[in-house]
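Source file: model_6.cif (mmCIF, C-alpha atoms and all ligand atoms)
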data_my_file
loop_
_atom_site.label_atom_id
_atom_site.label_comp_id
_atom_site.auth_asym_id
_atom_site.auth_seq_id
_atom_site.Cartn_x
_atom_site.Cartn_y
_atom_site.Cartn_z
CA MET A 21 96.14 79.03 69.78
CA SER A 22 97.95 76.26 71.60
CA SER A 23 96.24 74.20 74.27
CA GLU A 24 99.66 73.79 75.91
CA SER A 25 100.34 76.00 78.87
CA SER A 26 101.69 79.29 77.57
CA THR A 27 104.54 81.27 79.03
CA VAL A 28 104.35 85.02 79.36
CA PRO A 29 107.09 87.59 78.98
CA TRP A 30 105.99 89.84 81.87
CA SER A 31 106.60 89.82 85.59
CA LEU A 32 105.42 91.37 88.84
CA THR A 33 107.36 94.55 88.09
CA GLN A 34 107.37 94.44 84.26
CA ARG A 35 103.63 94.38 83.84
CA ARG A 36 101.78 93.46 80.66
CA PRO A 37 101.11 96.70 78.76
CA SER A 38 97.42 97.44 78.44
CA ARG A 39 95.21 100.27 77.24
CA GLN A 40 93.66 102.49 79.84
CA ILE A 41 89.94 102.85 80.33
CA MET A 42 88.01 104.81 82.94
CA VAL A 43 85.37 103.46 85.28
CA GLY A 44 84.02 106.79 86.45
CA LYS A 45 87.02 108.49 88.06
CA VAL A 46 89.05 105.27 88.45
CA PRO A 47 91.54 104.46 85.68
CA VAL A 48 91.97 100.77 84.85
CA GLY A 49 94.95 99.49 82.85
CA GLY A 50 97.69 101.49 81.14
CA GLY A 51 99.89 101.56 84.24
CA ALA A 52 97.15 102.65 86.66
CA PRO A 53 97.28 101.16 90.17
CA ILE A 54 95.56 97.77 90.18
CA SER A 55 92.06 98.39 91.50
CA VAL A 56 90.01 96.30 93.92
CA GLN A 57 86.41 95.47 93.10
CA SER A 58 83.57 93.81 94.94
CA MET A 59 79.84 93.42 94.61
CA THR A 60 76.96 94.27 96.90
CA ILE A 61 74.68 91.44 98.03
CA THR A 62 71.68 93.58 98.93
CA LYS A 63 68.69 94.08 96.66
CA THR A 64 69.70 97.10 94.58
CA ALA A 65 66.18 98.49 94.99
CA ASP A 66 66.99 98.75 98.73
CA VAL A 67 68.80 102.05 98.34
CA GLU A 68 69.77 102.64 101.98
CA GLY A 69 70.87 99.05 102.59
CA THR A 70 72.93 99.01 99.40
CA LEU A 71 74.56 102.35 100.18
CA GLN A 72 75.49 101.12 103.66
CA GLN A 73 77.27 98.16 102.09
CA ILE A 74 78.92 100.39 99.50
CA TYR A 75 80.33 102.63 102.25
CA ALA A 76 81.61 99.61 104.21
CA LEU A 77 83.27 98.24 101.06
CA ALA A 78 84.86 101.56 100.21
CA ALA A 79 86.21 101.86 103.78
CA ALA A 80 87.74 98.38 103.43
CA GLY A 81 89.67 99.43 100.31
CA CYS A 82 87.28 98.78 97.45
CA ASP A 83 87.82 101.10 94.45
CA ILE A 84 84.91 100.05 92.22
CA ILE A 85 81.63 98.42 93.27
CA ARG A 86 79.18 96.36 91.25
CA CYS A 87 75.47 96.09 91.94
CA THR A 88 73.08 93.78 90.19
CA CYS A 89 70.60 95.38 87.80
CA ASN A 90 68.14 92.57 87.28
CA GLU A 91 64.82 94.42 87.34
CA ILE A 92 63.49 97.89 86.73
CA GLU A 93 63.32 98.58 90.49
CA ALA A 94 67.07 97.89 90.64
CA ALA A 95 67.73 100.44 87.88
CA GLU A 96 65.59 102.96 89.77
CA GLY A 97 67.59 102.18 92.91
CA LEU A 98 70.83 102.79 91.00
CA ALA A 99 69.61 106.24 89.99
CA GLN A 100 69.43 107.13 93.69
CA ILE A 101 72.54 105.24 94.80
CA ILE A 102 75.00 106.62 92.24
CA PRO A 103 74.96 110.30 93.31
CA ARG A 104 75.60 109.24 96.93
CA SER A 105 78.27 106.58 96.29
CA PRO A 106 81.90 107.40 97.18
CA VAL A 107 83.19 105.08 94.41
CA PRO A 108 82.15 104.33 90.80
CA ILE A 109 79.28 101.89 90.35
CA ILE A 110 79.04 99.14 87.75
CA ALA A 111 75.76 97.45 86.87
CA ASP A 112 75.85 93.67 86.55
CA ILE A 113 73.70 92.55 83.62
CA HIS A 114 72.60 89.05 82.68
CA HIS A 115 70.10 87.94 80.02
CA GLN A 116 68.23 91.26 79.66
CA TYR A 117 70.03 93.80 77.48
CA LYS A 118 67.27 96.29 78.30
CA MET A 119 68.51 96.32 81.90
CA ALA A 120 71.87 97.56 80.55
CA LEU A 121 70.08 100.44 78.83
CA ALA A 122 68.12 101.21 82.00
CA ALA A 123 71.30 101.12 84.12
CA MET A 124 73.00 103.57 81.78
CA GLU A 125 69.98 105.84 82.04
CA ALA A 126 70.40 105.61 85.83
CA GLY A 127 73.94 106.97 85.46
CA VAL A 128 76.19 103.94 86.08
CA HIS A 129 79.92 104.34 85.43
CA GLY A 130 80.31 100.91 83.89
CA LEU A 131 78.52 97.74 82.84
CA ARG A 132 79.35 94.09 83.13
CA LEU A 133 77.87 91.99 80.33
CA ASN A 134 77.97 88.20 80.20
CA PRO A 135 78.42 87.14 76.57
CA GLY A 136 77.16 83.70 77.54
CA ASN A 137 73.64 84.96 78.13
CA ILE A 138 73.24 88.12 76.03
CA ARG A 139 73.89 86.67 72.60
CA ARG A 140 71.88 88.50 69.96
CA PRO A 141 74.31 90.72 68.01
CA GLU A 142 71.77 93.53 67.63
CA HIS A 143 71.28 93.64 71.42
CA ILE A 144 75.03 93.64 72.13
CA LYS A 145 75.60 96.39 69.58
CA ALA A 146 72.69 98.49 70.90
CA VAL A 147 74.25 98.42 74.38
CA ALA A 148 77.77 99.15 73.09
CA SER A 149 76.53 102.09 70.97
CA GLU A 150 74.76 103.60 73.95
CA ALA A 151 77.85 103.09 76.16
CA ARG A 152 80.03 104.69 73.47
CA ASP A 153 77.77 107.76 73.30
CA ARG A 154 77.65 108.11 77.08
CA GLY A 155 81.39 107.44 77.69
CA ILE A 156 80.70 104.37 79.82
CA SER A 157 83.05 101.38 79.95
CA ILE A 158 81.97 97.75 79.69
CA ARG A 159 83.47 94.58 81.12
CA ILE A 160 83.10 91.52 78.94
CA GLY A 161 82.59 89.05 81.75
CA VAL A 162 83.06 85.55 80.37
CA ASN A 163 82.25 82.90 82.94
CA GLY A 164 83.19 79.24 82.59
CA GLY A 165 79.91 78.26 84.23
CA SER A 166 77.73 80.18 81.76
CA LEU A 167 79.59 79.83 78.51
CA ASP A 168 77.76 80.37 75.21
CA PRO A 169 76.30 76.87 74.46
CA GLU A 170 77.51 77.09 70.87
CA LEU A 171 81.11 77.48 72.02
CA TYR A 172 80.63 74.77 74.59
CA ASP A 173 79.62 72.38 71.80
CA LYS A 174 82.39 73.59 69.49
CA TYR A 175 85.01 72.70 72.10
CA GLY A 176 83.72 69.17 72.64
CA GLY A 177 81.21 69.80 75.41
CA LYS A 178 83.90 71.13 77.72
CA VAL A 179 84.75 74.49 79.18
CA THR A 180 88.25 75.20 77.90
CA ALA A 181 90.55 78.20 78.05
CA GLU A 182 90.27 78.46 74.25
CA ALA A 183 86.46 78.55 74.39
CA MET A 184 86.46 81.30 77.01
CA VAL A 185 88.96 83.38 75.05
CA GLU A 186 86.96 82.92 71.85
CA SER A 187 83.83 84.08 73.64
CA ALA A 188 85.59 87.30 74.67
CA LEU A 189 87.01 87.89 71.18
CA ARG A 190 83.60 87.44 69.54
CA GLU A 191 82.16 90.07 71.87
CA ILE A 192 85.01 92.47 71.11
CA ALA A 193 84.27 92.02 67.39
CA TYR A 194 80.66 93.18 67.91
CA PHE A 195 81.91 96.17 69.89
CA ASP A 196 84.41 96.98 67.12
CA GLU A 197 81.57 97.12 64.60
CA VAL A 198 80.07 100.10 66.44
CA GLY A 199 83.41 101.73 67.26
CA PHE A 200 83.35 100.96 70.98
CA ASP A 201 86.64 100.17 72.72
CA GLN A 202 86.25 101.14 76.40
CA ILE A 203 86.49 97.49 77.31
CA LYS A 204 87.96 95.35 80.04
CA ILE A 205 87.71 91.59 80.01
CA SER A 206 87.45 88.72 82.46
CA VAL A 207 87.56 84.97 81.76
CA LYS A 208 86.70 83.55 85.16
CA ALA A 209 86.34 79.91 86.10
CA SER A 210 86.03 78.19 89.45
CA ASN A 211 88.82 75.84 88.43
CA VAL A 212 92.08 77.67 89.22
CA PRO A 213 94.44 76.13 86.59
CA LEU A 214 91.75 76.64 83.90
CA MET A 215 91.24 80.26 84.87
CA VAL A 216 95.00 80.94 84.95
CA GLU A 217 95.43 79.39 81.51
CA ALA A 218 92.49 81.33 80.04
CA TYR A 219 93.91 84.65 81.24
CA ARG A 220 97.38 83.76 79.98
CA GLN A 221 96.01 83.03 76.53
CA LEU A 222 93.84 86.12 76.54
CA SER A 223 96.77 88.32 77.56
CA GLU A 224 98.58 87.26 74.40
CA VAL A 225 95.81 88.20 71.96
CA THR A 226 94.51 91.52 73.28
CA ASP A 227 95.80 94.62 75.02
CA HIS A 228 92.51 95.48 76.69
CA PRO A 229 92.79 95.67 80.49
CA LEU A 230 92.00 92.43 82.32
CA HIS A 231 89.78 91.96 85.37
CA LEU A 232 91.00 88.92 87.36
CA GLY A 233 88.93 86.56 89.46
CA VAL A 234 88.23 82.97 90.40
CA THR A 235 84.48 82.67 90.15
CA GLU A 236 82.43 81.02 92.90
CA ALA A 237 85.57 80.52 94.98
CA GLY A 238 83.37 79.61 97.96
CA PRO A 239 83.34 80.23 101.72
CA LEU A 240 86.31 81.13 103.91
CA PRO A 241 89.01 79.97 104.26
CA ASN A 242 89.02 77.68 101.21
CA GLY A 243 87.59 80.34 98.91
CA LEU A 244 90.25 82.78 99.99
CA LEU A 245 92.99 80.28 99.18
CA LYS A 246 91.54 79.38 95.79
CA ALA A 247 91.01 82.98 94.75
CA THR A 248 94.46 83.99 95.97
CA ALA A 249 96.11 81.09 94.14
CA GLY A 250 94.60 82.14 90.81
CA ILE A 251 94.80 85.91 91.14
CA ALA A 252 98.30 85.97 92.66
CA ALA A 253 99.70 83.55 90.06
CA LEU A 254 98.63 85.94 87.30
CA LEU A 255 99.69 89.12 89.08
CA LEU A 256 103.15 87.59 89.59
CA GLU A 257 103.29 87.09 85.81
CA GLY A 258 102.47 90.76 85.25
CA ILE A 259 98.91 90.01 84.14
CA GLY A 260 95.88 91.83 85.55
CA ASP A 261 94.65 95.40 85.91
CA THR A 262 91.79 95.04 88.38
CA ILE A 263 90.78 92.19 90.70
CA ARG A 264 87.80 90.76 92.52
CA TYR A 265 87.65 88.02 95.15
CA SER A 266 84.33 86.14 94.70
CA LEU A 267 83.78 84.79 98.20
CA THR A 268 80.72 83.32 99.85
CA ALA A 269 81.14 85.75 102.72
CA ASP A 270 80.46 89.31 103.77
CA PRO A 271 81.67 91.28 100.71
CA VAL A 272 83.82 93.40 103.04
CA GLU A 273 86.02 90.27 103.28
CA GLU A 274 86.41 90.40 99.50
CA ALA A 275 87.54 94.01 99.59
CA ARG A 276 89.97 93.36 102.47
CA ALA A 277 91.42 90.31 100.75
CA GLY A 278 91.90 92.17 97.47
CA ARG A 279 93.55 95.07 99.15
CA GLN A 280 95.79 92.88 101.30
CA LEU A 281 96.92 90.80 98.34
CA LEU A 282 97.91 93.88 96.37
CA GLU A 283 99.75 95.32 99.38
CA ALA A 284 101.52 92.01 100.05
CA LEU A 285 102.75 91.94 96.44
CA GLY A 286 103.86 95.57 96.65
CA LEU A 287 101.35 96.55 93.95
CA ARG A 288 99.48 99.04 96.13
CA GLU A 289 100.70 101.28 98.89
CA ARG A 290 100.02 100.04 102.37
CA LYS A 291 97.02 101.69 104.05
CA ASN A 292 96.74 99.79 107.32
CA VAL A 293 99.07 97.98 109.70
CA ASP A 294 100.80 94.90 108.27
CA LEU A 295 100.87 92.71 111.36
CA ILE A 296 103.51 90.02 111.26
CA ALA A 297 103.95 87.52 114.07
CA CYS A 298 106.17 84.53 114.72
CA PRO A 299 104.47 81.13 114.51
CA SER A 300 105.44 80.51 118.16
CA CYS A 301 107.48 77.57 119.37
CA GLY A 302 108.73 76.00 122.59
CA ARG A 303 110.56 79.20 123.47
CA ALA A 304 107.46 81.40 123.44
CA GLU A 305 106.94 83.36 126.64
CA ILE A 306 103.38 84.40 125.77
CA ASP A 307 100.38 83.03 123.91
CA VAL A 308 101.49 84.51 120.57
CA ILE A 309 98.20 83.68 118.81
CA ASP A 310 96.16 85.51 121.44
CA VAL A 311 98.41 88.58 121.55
CA ALA A 312 98.61 88.78 117.75
CA ASN A 313 94.83 88.51 117.43
CA ARG A 314 94.27 91.17 120.09
CA ALA A 315 96.76 93.42 118.32
CA MET A 316 94.93 92.87 114.98
CA LEU A 317 91.68 93.90 116.65
CA ALA A 318 93.24 96.91 118.34
CA PHE A 319 94.70 98.21 115.07
CA GLY A 320 91.47 97.40 113.21
CA GLU A 321 90.98 99.72 110.26
CA ARG A 322 93.31 102.44 111.64
CA LYS A 323 95.18 104.06 108.78
CA ILE A 324 98.68 103.32 110.05
CA PRO A 325 100.79 101.99 107.15
CA LEU A 326 103.50 100.32 109.26
CA GLN A 327 104.76 96.79 109.64
CA VAL A 328 104.30 95.72 113.26
CA ALA A 329 105.70 92.47 114.72
CA VAL A 330 104.49 90.33 117.62
CA MET A 331 107.23 87.90 118.64
CA GLY A 332 107.00 85.14 121.21
CA CYS A 333 110.42 85.55 122.82
CA VAL A 334 113.13 88.11 123.27
CA VAL A 335 115.79 85.50 122.47
CA ASN A 336 115.12 85.49 118.73
CA GLY A 337 112.21 87.89 118.22
CA PRO A 338 113.93 91.24 117.80
CA GLY A 339 116.50 89.75 115.40
CA GLU A 340 113.97 87.83 113.31
CA ALA A 341 111.73 90.91 113.00
CA ARG A 342 114.44 93.53 112.63
CA GLU A 343 112.97 94.75 109.32
CA ALA A 344 109.65 95.63 110.98
CA ASP A 345 108.95 99.29 111.76
CA LEU A 346 107.94 98.33 115.27
CA GLY A 347 107.70 95.14 117.27
CA ILE A 348 107.35 93.60 120.66
CA ALA A 349 108.94 90.43 122.03
CA ALA A 350 108.07 88.68 125.26
CA GLY A 351 110.47 87.69 128.02
CA ASN A 352 110.29 87.18 131.75
CA LYS A 353 106.70 88.49 131.99
CA ARG A 354 107.66 91.68 130.16
CA GLY A 355 107.26 93.01 126.66
CA HIS A 356 110.37 94.37 124.96
CA LEU A 357 109.50 96.98 122.38
CA PHE A 358 111.81 97.54 119.45
CA VAL A 359 111.77 100.08 116.62
CA LYS A 360 113.64 99.21 113.42
CA GLY A 361 115.44 96.46 115.38
CA ARG A 362 116.49 98.75 118.28
CA ASN A 363 115.20 98.13 121.79
CA VAL A 364 113.30 101.15 123.00
CA ALA A 365 111.19 100.24 126.03
CA VAL A 366 110.01 97.54 128.41
CA VAL A 367 106.33 97.22 129.37
CA PRO A 368 104.41 94.77 131.58
CA GLU A 369 103.17 91.75 129.64
CA SER A 370 99.55 92.80 130.21
CA GLU A 371 100.18 96.12 128.42
CA MET A 372 101.89 94.81 125.29
CA VAL A 373 99.03 95.49 122.88
CA GLU A 374 98.27 98.98 124.20
CA ALA A 375 101.99 99.85 124.02
CA LEU A 376 102.17 98.67 120.41
CA VAL A 377 99.24 100.85 119.41
CA GLU A 378 100.62 103.88 121.22
CA TRP A 379 104.09 103.50 119.66
CA ALA A 380 102.64 102.83 116.21
CA GLU A 381 100.60 106.01 116.37
CA PHE A 382 103.65 107.99 117.50
CA ILE A 383 105.86 106.57 114.72
CA HIS A 384 103.16 107.20 112.13
CA GLU A 385 102.88 110.81 113.22
CA HIS A 386 106.51 111.69 114.00
CA GLY A 387 108.68 109.02 112.35
CA ALA A 388 110.87 106.21 113.73
CA GLU A 389 113.86 108.45 114.47
CA ALA A 390 111.77 110.71 116.70
CA ALA A 391 110.36 107.66 118.48
CA ILE A 392 113.85 106.31 119.16
CA ALA A 393 115.10 109.72 120.26
CA ARG A 394 112.49 110.04 123.00
CA VAL A 395 113.83 107.09 125.04
CA ASP A 396 116.97 105.67 126.58
CA THR A 397 117.71 102.84 124.13
CA LYS A 398 120.76 101.72 126.09
CA LYS A 399 118.64 101.03 129.16
CA ALA A 400 116.06 99.14 127.08
CA GLU A 401 118.82 97.10 125.45
CA ARG A 402 120.30 96.23 128.88
CA GLU A 403 116.89 95.03 130.09
CA ALA A 404 116.37 92.97 126.93
CA ALA A 405 119.86 91.46 127.25
CA LYS A 406 119.11 90.57 130.88
CA ASP A 407 115.88 88.75 129.98
CA ARG A 408 117.48 87.15 126.94
CA SER A 409 120.33 85.67 128.97
CA MET A 410 117.94 84.62 131.72
CA LEU A 411 115.89 82.70 129.17
CA LEU A 412 118.97 81.24 127.55
CA ASN A 413 120.19 80.06 130.98
CA ALA A 414 116.79 78.55 131.72
CA GLN A 415 116.15 77.06 128.26
CA GLY A 416 119.62 76.78 126.80
CA ASP A 417 120.58 77.53 123.23
CA ASP A 418 118.76 74.44 122.17
CA VAL A 419 115.11 74.68 123.11
CA ASN A 420 114.33 71.31 121.57
CA ARG A 421 117.08 69.64 123.66
CA SER A 422 118.35 68.12 120.45
CA ASN A 423 121.76 67.14 121.88
CA GLU A 424 120.12 65.13 124.65
CA ARG A 425 117.73 63.58 122.14
CA ILE A 426 120.54 62.64 119.79
CA VAL A 427 122.34 60.85 122.65
CA GLU A 428 119.13 58.94 123.40
CA ILE A 429 118.56 58.08 119.71
CA ARG A 430 122.12 56.78 119.43
CA LYS A 431 121.74 54.69 122.58
CA LYS A 432 118.68 53.02 121.11
CA SER A 433 120.04 52.40 117.64
S1 LIG B 501 110.44 84.44 118.07
FE1 LIG B 501 110.92 83.06 119.75
S2 LIG B 501 108.95 82.11 120.24
FE2 LIG B 501 108.73 83.00 118.21
S3 LIG B 501 109.21 81.30 116.79
FE3 LIG B 501 111.10 82.51 117.09
S4 LIG B 501 112.16 81.44 118.77
FE4 LIG B 501 110.02 80.73 118.82
#
Is it possible to give me this structure as structure tokens?
Amino acid sequence: MSSESSTVPWSLTQRRPSRQIMVGKVPVGGGAPISVQSMTITKTADVEGTLQQIYALAAAGCDIIRCTCNEIEAAEGLAQIIPRSPVPIIADIHHQYKMALAAMEAGVHGLRLNPGNIRRPEHIKAVASEARDRGISIRIGVNGGSLDPELYDKYGGKVTAEAMVESALREIAYFDEVGFDQIKISVKASNVPLMVEAYRQLSEVTDHPLHLGVTEAGPLPNGLLKATAGIAALLLEGIGDTIRYSLTADPVEEARAGRQLLEALGLRERKNVDLIACPSCGRAEIDVIDVANRAMLAFGERKIPLQVAVMGCVVNGPGEAREADLGIAAGNKRGHLFVKGRNVAVVPESEMVEALVEWAEFIHEHGAEAAIARVDTKKAEREAAKDRSMLLNAQGDDVNRSNERIVEIRKKS
């Protein structure tokens, strides 16, 4: 295997072919929608607290949830959590293979094993045999921070992509010995280029589904950027079947981020509003940041899969956001609503957010054509044209006064 950066033959739309496994009712790999995972941060023995977090994660778009199983009380908790969970549950196992056996007894849909800290072949094979007999899938979760010390030494006392891939392949070999193949694999590192390279190499030597993540990405917003950089780079290359953001934050943020990334890349259908907004500039007639944030809050978790635009001025806003399903642009203390680029109504500036929500709900229920048909678009267009020309007269075509500035620059040069 080369240590040079590899190139892959797949793309965002031509995804790497992989086998399909099941995590409970959720298929992973083999052309299934890319799933979003997260992990609870409660004590698993706290059944009610953990279930509350599981429900919040599921509502935020999480498809599969992992809970730690680090003690017998956690396994007992899992036995009570699983029948009440809306999504499949995976038990996270480190060091103690007996916890994997206990979690399976509790009824988990999947396991995550770390080959760096469960190393005795007879233990690995005992778990895999039990999983095989029960129809449970296992993630081989290699982690750059807890690599098998033997591999660490073999690769010169460094965590390398090759070492992480070898760790995963060794584990697969043990599973093969007992005829177990319901496997997905992760090779996470906190270093983004290392993690990307490890997944690229892994994708070339196995067709098992891959679980993507940047481990210990950290708090917001840096962690979000790091995790997105690594996960998105691979998804754009067609690599990855399930993803997890590992953030030092409320896990609901992980689920939201995962979901939003997949929607932004067109890999999952939109569930909620995609709010776009202009960055604002000298032409803005409103505080765009404030209105956009209030609109985000107002839409919240409403299941309205539309793209909605908040634009700072009616001069350029409707044109720049003409692809949005619905938008609003400010001008002369009024909000100009537009649907699919067509002006439909004018509302007072103070009612812009409420109007957006009301129109979004109508469009979601009845469609854009019906929304346009219920109003006099000609009148709305006349009002928008009036405010647009008023602003142009007041501000000119050139809001930065570049012609005047150029004259001044030339005078001084
Ligand atoms: S829509 Fe208007 S306010 Fe917003 S960036 Fe464009 S020109 Fe500036």
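Closest approach to Leu412 (chain A) among A:Ile309, A:Leu281, A:Cys87, A:Val335: A:Val335, based on all atoms listed in the file.
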8 Å from ligand LIG 501 (chain B) is the threshold here; counting only C-alpha atoms and all ligand atoms, which polymer residues fall inside it? Answer as a list in words. Ala297, Cys298, Pro299, Ser300, Cys301, Gly302, Arg303, Ala304, Glu305, Val308, Met331, Gly332, Cys333, Val334, Val335, Asn336, Gly337, Pro338, Glu340 and Ala349 of chain A
What does the distance from CA of His129 (chain A) to CA of Gly233 (chain A) come to in Å, to one decimal? 20.3 Å
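CA of Asp168 (chain A) is found 26.7 Å from CA of Val48 (chain A).
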Near-region 176-185 of chain A list (8 Å; only C-alpha atoms; drop same-chain fewer than 2 positions) as a PDB file with C-alpha atoms, in the coordinates of the input:
ATOM      1  CA  MET A  21      96.140  79.030  69.780  1.00  0.00           C
ATOM      2  CA  SER A  23      96.240  74.200  74.270  1.00  0.00           C
ATOM      3  CA  VAL A 162      83.060  85.550  80.370  1.00  0.00           C
ATOM      4  CA  ASN A 163      82.250  82.900  82.940  1.00  0.00           C
ATOM      5  CA  GLY A 164      83.190  79.240  82.590  1.00  0.00           C
ATOM      6  CA  GLY A 165      79.910  78.260  84.230  1.00  0.00           C
ATOM      7  CA  LEU A 167      79.590  79.830  78.510  1.00  0.00           C
ATOM      8  CA  LEU A 171      81.110  77.480  72.020  1.00  0.00           C
ATOM      9  CA  TYR A 172      80.630  74.770  74.590  1.00  0.00           C
ATOM     10  CA  ASP A 173      79.620  72.380  71.800  1.00  0.00           C
ATOM     11  CA  LYS A 174      82.390  73.590  69.490  1.00  0.00           C
ATOM     12  CA  SER A 187      83.830  84.080  73.640  1.00  0.00           C
ATOM     13  CA  ALA A 188      85.590  87.300  74.670  1.00  0.00           C
ATOM     14  CA  LEU A 189      87.010  87.890  71.180  1.00  0.00           C
ATOM     15  CA  VAL A 207      87.560  84.970  81.760  1.00  0.00           C
ATOM     16  CA  LEU A 214      91.750  76.640  83.900  1.00  0.00           C
ATOM     17  CA  MET A 215      91.240  80.260  84.870  1.00  0.00           C
ATOM     18  CA  GLU A 217      95.430  79.390  81.510  1.00  0.00           C
ATOM     19  CA  ALA A 218      92.490  81.330  80.040  1.00  0.00           C
ATOM     20  CA  TYR A 219      93.910  84.650  81.240  1.00  0.00           C
ATOM     21  CA  GLN A 221      96.010  83.030  76.530  1.00  0.00           C
ATOM     22  CA  LEU A 222      93.840  86.120  76.540  1.00  0.00           C
TER      23      LEU A 222
END
Could you write out as AutoDock Vina command-line options the box around region 188-198 of chain A (axis-aligned, all atoms listed in the file, 3 Å on each side), with centre and edge lengths in Å to one decimal?
--center_x 83.5 --center_y 93.7 --center_z 69.6 --size_x 12.9 --size_y 18.8 --size_z 16.1
Could you state the separation of CA of Ala284 (chain A) and CA of Ile324 (chain A) in Å, given to one decimal place? 15.4 Å
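Minimum atom-to-atom distance to Ala52 (chain A), evaluated using all atoms listed in the file, belongs to A:Leu287 out of A:Leu287, A:Leu71, A:Ile92, A:Leu98.
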Residues of region 178-267 of chain A within 10 Å of region 32-38 of chain A: nearest atom pair and distance (Å, one decimal) for each, counting all atoms listed in the file, sorted by chain and number, as JSON lines?
{"residue": "A:Lys204", "atom": "CA", "partner": "A:Ser38", "partner_atom": "CA", "distance": 9.8}
{"residue": "A:Ser223", "atom": "CA", "partner": "A:Arg36", "partner_atom": "CA", "distance": 7.8}
{"residue": "A:Glu224", "atom": "CA", "partner": "A:Arg36", "partner_atom": "CA", "distance": 9.4}
{"residue": "A:Thr226", "atom": "CA", "partner": "A:Ser38", "partner_atom": "CA", "distance": 8.4}
{"residue": "A:Asp227", "atom": "CA", "partner": "A:Ser38", "partner_atom": "CA", "distance": 4.7}
{"residue": "A:His228", "atom": "CA", "partner": "A:Ser38", "partner_atom": "CA", "distance": 5.6}
{"residue": "A:Pro229", "atom": "CA", "partner": "A:Ser38", "partner_atom": "CA", "distance": 5.4}
{"residue": "A:Leu230", "atom": "CA", "partner": "A:Ser38", "partner_atom": "CA", "distance": 8.3}
{"residue": "A:Ala252", "atom": "CA", "partner": "A:Leu32", "partner_atom": "CA", "distance": 9.7}
{"residue": "A:Ala253", "atom": "CA", "partner": "A:Leu32", "partner_atom": "CA", "distance": 9.8}
{"residue": "A:Leu254", "atom": "CA", "partner": "A:Leu32", "partner_atom": "CA", "distance": 8.8}
{"residue": "A:Leu255", "atom": "CA", "partner": "A:Leu32", "partner_atom": "CA", "distance": 6.2}
{"residue": "A:Leu256", "atom": "CA", "partner": "A:Leu32", "partner_atom": "CA", "distance": 4.5}
{"residue": "A:Glu257", "atom": "CA", "partner": "A:Leu32", "partner_atom": "CA", "distance": 5.7}
{"residue": "A:Gly258", "atom": "CA", "partner": "A:Arg35", "partner_atom": "CA", "distance": 4.1}
{"residue": "A:Ile259", "atom": "CA", "partner": "A:Arg36", "partner_atom": "CA", "distance": 5.7}
{"residue": "A:Gly260", "atom": "CA", "partner": "A:Arg36", "partner_atom": "CA", "distance": 7.8}
{"residue": "A:Asp261", "atom": "CA", "partner": "A:Ser38", "partner_atom": "CA", "distance": 8.2}
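Candidate residues A:Thr268, A:Ser370, A:Asn352, A:Ala388 were compared for distance to Ala405 (chain A), and the nearest is A:Asn352, using only C-alpha atoms.
Each of A:Ala79, A:Ala350, A:Val128, A:Val311 was compared to Gln100 (chain A) using all atoms listed in the file, and A:Val128 turns out to be the nearest.
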Nearest residue to Ala94 (chain A) from the set A:Ile54, A:Ala76, A:Ala65, A:Met42 (distances using only C-alpha atoms): A:Ala65
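For Leu317 (chain A), the non-local neighbours within 12 Å, defined as residues at least 4 positions apart in the same chain or in other chains and counting all atoms listed in the file, are Val293, Leu295, Asp310, Val311, Ala312, Asn313, Glu321, Arg322, Val373, Glu374 and Val377 of chain A.
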